[in-house]
Amino acid sequence: MQRVSSASVTIDGVIRASIAGGLLVLVAVEDADAGEDIEWLAGKIVRLRIFKDEQGLMNRSVQEIGGEILAVSQFTLFASTKKGNRPSYIRSAKPEVAIPLYERFVARLSLELGKPIQTGEFGADMKVALVNDGPVTILFDTQIRE
């Protein structure tokens, strides 16, 4: 997840989605992910206090600032580079598992945020542009929950 001043997704030369201030969330799904992971992650993302308050401290959530969220599926986040020079994506769930969980995650994010979530297109060749604000980049793993 990255705090952004702006972000967009372009597919085949056409802008599919764009946001002003808020969060760009890159999402990878693995077979071990379940409904409770979706609920935990969506709630954490929407309420995590990483936006500046009046004193310049990171004390506000995307929900509190009225920000937007752009969620983009990205199976390559689970790349394993342990062996050789070609990454393995064996941890990434197959589309028949990943797509429904990704769609449930986006729906839950929308519910938590109280407004629609912008998205890319699962499996498409996407061009993602962003202006990282800070930079602030945070990694979540629903199987570890640190």
# chains A, B, ... in the order shown; residues from 1 in each chain; ligands from 1

call {"tool": "closest_atom_pairs", "arguments": {"of": "segment 51-85 of chain A", "to": "segment 109-119 of chain A", "cutoff": "6 Å", "atoms": "only C-alpha atoms", "output": "tab-separated table"}}
result
residue	atom	partner	partner_atom	distance
A:Gln63	CA	A:Leu113	CA	5.8
A:Ile69	CA	A:Ile117	CA	5.5
A:Leu70	CA	A:Gln118	CA	4.6
A:Ala71	CA	A:Thr119	CA	4.9
A:Val72	CA	A:Thr119	CA	5.7

call {"tool": "write_last_selection", "arguments": {"atoms": "N, CA and C atoms", "output": "PDB file, in the first residue's frame"}}
result
ATOM      1  N   GLN A  63      -9.886   7.340   5.531  1.00  0.00           N
ATOM      2  CA  GLN A  63     -11.310   7.568   5.800  1.00  0.00           C
ATOM      3  C   GLN A  63     -11.516   8.964   6.385  1.00  0.00           C
ATOM      4  N   ILE A  69      -9.285   5.347  -2.789  1.00  0.00           N
ATOM      5  CA  ILE A  69      -8.441   4.151  -2.875  1.00  0.00           C
ATOM      6  C   ILE A  69      -8.503   3.590  -4.290  1.00  0.00           C
ATOM      7  N   LEU A  70      -7.334   3.260  -4.807  1.00  0.00           N
ATOM      8  CA  LEU A  70      -7.205   2.557  -6.078  1.00  0.00           C
ATOM      9  C   LEU A  70      -6.600   1.193  -5.757  1.00  0.00           C
ATOM     10  N   ALA A  71      -7.333   0.113  -6.026  1.00  0.00           N
ATOM     11  CA  ALA A  71      -6.869  -1.250  -5.758  1.00  0.00           C
ATOM     12  C   ALA A  71      -6.505  -1.924  -7.077  1.00  0.00           C
ATOM     13  N   VAL A  72      -5.291  -2.467  -7.139  1.00  0.00           N
ATOM     14  CA  VAL A  72      -4.782  -3.086  -8.356  1.00  0.00           C
ATOM     15  C   VAL A  72      -4.280  -4.490  -8.026  1.00  0.00           C
TER      16      VAL A  72
END

call {"tool": "select_by_dssp", "arguments": {"residues": "chain A", "states": "strand (DSSP E or B)", "output": "compact mmCIF listing (two decimals) with C-alpha atoms, in the first residue's frame"}}
result
# COMPACT_ATOMS: atom_id res chain seq x y z
CA GLN A 2 1.30 3.46 -0.88
CA ARG A 3 0.11 6.87 0.22
CA VAL A 4 -0.29 8.85 -2.99
CA SER A 5 -1.01 12.36 -4.16
CA SER A 6 -2.43 10.78 -7.32
CA ALA A 7 -2.53 7.40 -9.06
CA SER A 8 -4.01 5.94 -12.21
CA VAL A 9 -4.30 2.72 -14.20
CA THR A 10 -4.16 2.73 -18.01
CA ILE A 11 -5.12 -0.30 -20.12
CA VAL A 14 -7.16 4.24 -22.03
CA ILE A 15 -7.27 5.44 -18.42
CA ARG A 16 -9.34 2.83 -16.57
CA ALA A 17 -9.24 4.46 -13.14
CA SER A 18 -7.64 7.39 -11.36
CA ILE A 19 -7.63 8.96 -7.92
CA GLY A 22 -5.41 8.60 -1.02
CA LEU A 23 -4.02 5.10 -1.27
CA LEU A 24 -2.78 2.85 -4.04
CA VAL A 25 -3.24 -0.73 -2.85
CA LEU A 26 -1.44 -3.46 -4.78
CA VAL A 27 -3.15 -6.77 -4.00
CA GLU A 30 -2.70 -16.71 -2.13
CA PHE A 51 -1.98 10.94 6.72
CA LYS A 52 -0.80 14.16 8.33
CA MET A 58 0.73 10.95 10.70
CA ASN A 59 -2.46 10.80 12.71
CA ARG A 60 -5.30 10.59 10.16
CA GLU A 68 -9.77 7.67 -2.31
CA ILE A 69 -8.44 4.15 -2.87
CA LEU A 70 -7.21 2.56 -6.08
CA ALA A 71 -6.87 -1.25 -5.76
CA VAL A 72 -4.78 -3.09 -8.36
CA SER A 73 -4.31 -6.86 -8.54
CA SER A 80 10.02 -16.12 -5.03
CA SER A 88 8.43 -18.29 -9.27
CA SER A 92 -0.06 -16.74 -5.99
CA GLN A 118 -11.32 2.48 -8.14
CA THR A 119 -9.72 -0.64 -9.66
CA MET A 126 -1.81 -2.39 -16.82
CA LYS A 127 0.28 0.75 -16.72
CA VAL A 128 0.15 2.08 -13.17
CA ALA A 129 1.24 5.66 -12.57
CA LEU A 130 1.54 7.23 -9.14
CA VAL A 131 2.98 10.08 -7.18
CA ASN A 132 4.08 8.49 -3.92
CA ASP A 133 3.43 10.95 -1.10
CA GLY A 134 6.14 10.89 1.56
CA PRO A 135 7.08 8.32 0.42
CA VAL A 136 4.91 6.14 2.63
CA THR A 137 4.78 2.49 1.62

call {"tool": "select_by_dssp", "arguments": {"residues": "chain A", "states": "helix (DSSP H, G or I)", "output": "number ranges by chain"}}
result
A: 35-47, 62-65, 75-78, 95-113

call {"tool": "atom_distance", "arguments": {"atom1": "atom CA of Ala20 of chain A", "atom2": "atom CA of Gly66 of chain A"}}
result
10.7 Å

call {"tool": "closest_atom_pairs", "arguments": {"of": "segment 26-125 of chain A", "to": "segment 140-145 of chain A", "cutoff": "8 Å", "atoms": "only C-alpha atoms", "output": "tab-separated table"}}
result
residue	atom	partner	partner_atom	distance
A:Ala32	CA	A:Gln143	CA	7.9
A:Asp33	CA	A:Thr142	CA	7.4
A:Asp37	CA	A:Thr142	CA	5.8
A:Trp40	CA	A:Thr142	CA	7.9
A:Leu41	CA	A:Thr142	CA	6.9

call {"tool": "closest_residue", "arguments": {"among": "A:Glu121, A:Thr81, A:Ile45, A:Ala93", "to": "Gly67 of chain A", "atoms": "only C-alpha atoms"}}
result
A:Ile45

call {"tool": "residues_around", "arguments": {"residues": "Ala98 of chain A", "least_positions_apart": "2", "cutoff": "12 Å", "atoms": "only C-alpha atoms", "output": "list in words"}}
result
Val27, Ala28, Val29, Glu30, Asp31, Ala32, Asp33, Ala34, Ile38, Ser73, Gln74, Phe75, Arg91, Ser92, Ala93, Lys94, Pro95, Glu96, Pro100, Leu101, Tyr102, Glu103, Arg104, Phe105, Phe122 and Gly123 of chain A

call {"tool": "atom_distance", "arguments": {"atom1": "atom CA of Tyr89 of chain A", "atom2": "atom CA of Val106 of chain A"}}
result
22.4 Å

call {"tool": "atom_distance", "arguments": {"atom1": "atom CA of Ile138 of chain A", "atom2": "atom CA of Met1 of chain A"}}
result
5.3 Å
